[in-house]
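Trainee: Below is the structure I would like to discuss, written out as structure tokens.
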Amino acid sequence: MTEINKTIEILKKTLITMPEDKDIRMHIASLQLSISNYEEAKDNFEYILKKYPEDIEALSGMGKCSFYLDDLSDTRIFLGKLLKLTDNKHAEANLYMAKAYITLNDIVNAREYYTRAVNQDTNLADDELRSKLYDIKNNSKDSQSTNSESFQNNDQDKIKLFSAGYEDEEDIINEDIYELRETITFSDVGGLDNLKETIKHKIIYPFKNPEVYQAYGKKAGGGILLYGPPGCGKTYIAKATAGECDASFIDIGINDVLDMWLGESEKKLHNIFDVARRKAPSIIFIDEIDALGGSRQASSYSSTKMLVNQLLSEMDGMDSVNDKMLIIGATNSPWFVDSALRRPGRFDRIIFVPPPDTPARIEILQIMTCDMKIARFDFKNIASKTNGFSGADIKALVNTASEDAINEAMKTGNIRELIEKDFLQAIKKIKPSTKEWFSTAKNYATYANQAGIYDEILEYLNKNPKFI
Ligand code: ADP
């Protein structure tokens, strides 16, 4: 028996007489974690969290154990909560989140967490991880770190309703915070014409004319699941859909819904639906819905299951005609979405959001640069060289392209126009993030395509054979 094991055994004996001693239990859990005994460590961290739900060390331990036990749902839940409590300032938690998102092939989120981790603690820089996240074609470490690592996914437009501070019921039903008519519409979304048509037919027309649809036995409201590679506009198009319907947009992050340790999550969810009903027409948007339980990465915690049940009962109780409410779920990993959520009457309309094709990339570039000082050139050449780029990658490309011009302007005071060359150089520094997603997706679409739900992925790959 090793020294560490001996110490653990002695401490365990002590714990028998004083099971509530937090320090001893934490010490045991940390030692168990250090010798990779993740199951037992996790049990001990969980025990502590039941009494001290906001203990940072225990949350961190839970997150790490969950990661090593391949439970990415719990990794995201516990580290997500820790980061919320620390205002994102926990370098290690950011690093583990980055690792979890890489495993989920969500490069966009992985980059954001990795950037934060390294900015907070440079010792956490990890070449292997970085090469998975960023283009290492040009092998120039410096230019990589100044450009790619400084890329922040600063979605200013991302509305966060349930940020810290809305914790009791009164705050939650304070309707002022829900005054959210979306201002973006389809004209802000580049390309994706087929998708817009599908959304018009499947969402907007029924939503605006529920009586017509009901007369012919069709459902108007209900649930829609958007899936596809990260950064390709699921959230963005959901917001634009709300804008097209002139509906309130209520954006729930998984951390908000899964704030289970406050023990209030079911009530919160109920309140959200209540407010949405009062603010109708409204769209509730739930991002990363796969984290609400599912197959391989299902949370082992009964509270998550309870939450899924609560969500299902809220959805089942929705009267679409009167409520004028729609729930849009989004996921990069539809294969992990709890099958109960996909049954008829729930998220039964499933829509694939593909990466932007060449004309779409031209439009996205035009939209993103329309307020910039830029020379007159068309984006055809740039678009042809950015196959596999997501909308978020294009955003990073535009940011990177303008960096040199900004640096120059700082030095010389001369604010020059951006030229094509700025973009061509930036392309070398950005790795298209969607290809990895397709290699995973292809396996599910080929071997686990129940009822043909992933046919669109296969169709996409057939049309783009060189894509992966
Ligand atoms: P997802 O939800 O699929 O992970 P997002 O909707 O958050 O991706 O997209 C990330 C960002 O990329 C958006 O905030 C937006 O700026 C940009 N983007 C993505 N797709 C488009 C698009 N088709 N047109 C314009 N911008 C887009």
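Chain labels follow the order of the structure tokens: the first chain is A, the next B, and so on; residue numbering restarts at 1 in every chain, and ligands are counted from 1 in their shown order.
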Which residues form the shell of 7 Å around ligand 1 when you count only C-alpha atoms and all ligand atoms, given as number ranges by chain?
Mentor: A: 155, 188-192, 228-237, 330, 356, 360, 364, 367, 390-392, 395
Trainee: Can you tell me, as a list in words, what residues are no more than 12 Å from Ser313 of chain A when counting only C-alpha atoms, ignoring any on the same chain fewer than 3 positions away?
Mentor: Glu266, Leu269, His270, Phe273, Met306, Leu307, Val308, Asn309, Gln310, Asp316, Gly317, Met318, Asp319, Ala340, Leu341, Gly345 and Arg346 of chain A
Trainee: When distances are computed from only C-alpha atoms, which of A:Val275, A:Leu312, A:Phe336, A:Glu57 shows the smallest separation from Leu72 of chain A?
Mentor: A:Phe336
Trainee: Give the answer as one residue: which of A:Gly413, A:Gly61, A:Gly388, A:Pro334 has the shortest atom-to-atom distance to Met26 of chain A, using only C-alpha atoms?
Mentor: A:Gly61
Trainee: Report, in Å with one decimal, the straight-line distance from atom CA of Ile453 of chain A to atom CA of Lys202 of chain A.
Mentor: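 Atom-to-atom, atom CA of Ile453 of chain A and atom CA of Lys202 of chain A are spaced 16.2 Å apart.
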Trainee: Measuring atom to atom with only C-alpha atoms, identify which of A:Asn399, A:Ser384, A:Gln214, A:Ser339 is nearest to Met368 of chain A.
Mentor: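 Nearest candidate to Met368 of chain A out of A:Asn399, A:Ser384, A:Gln214, A:Ser339: A:Asn399.
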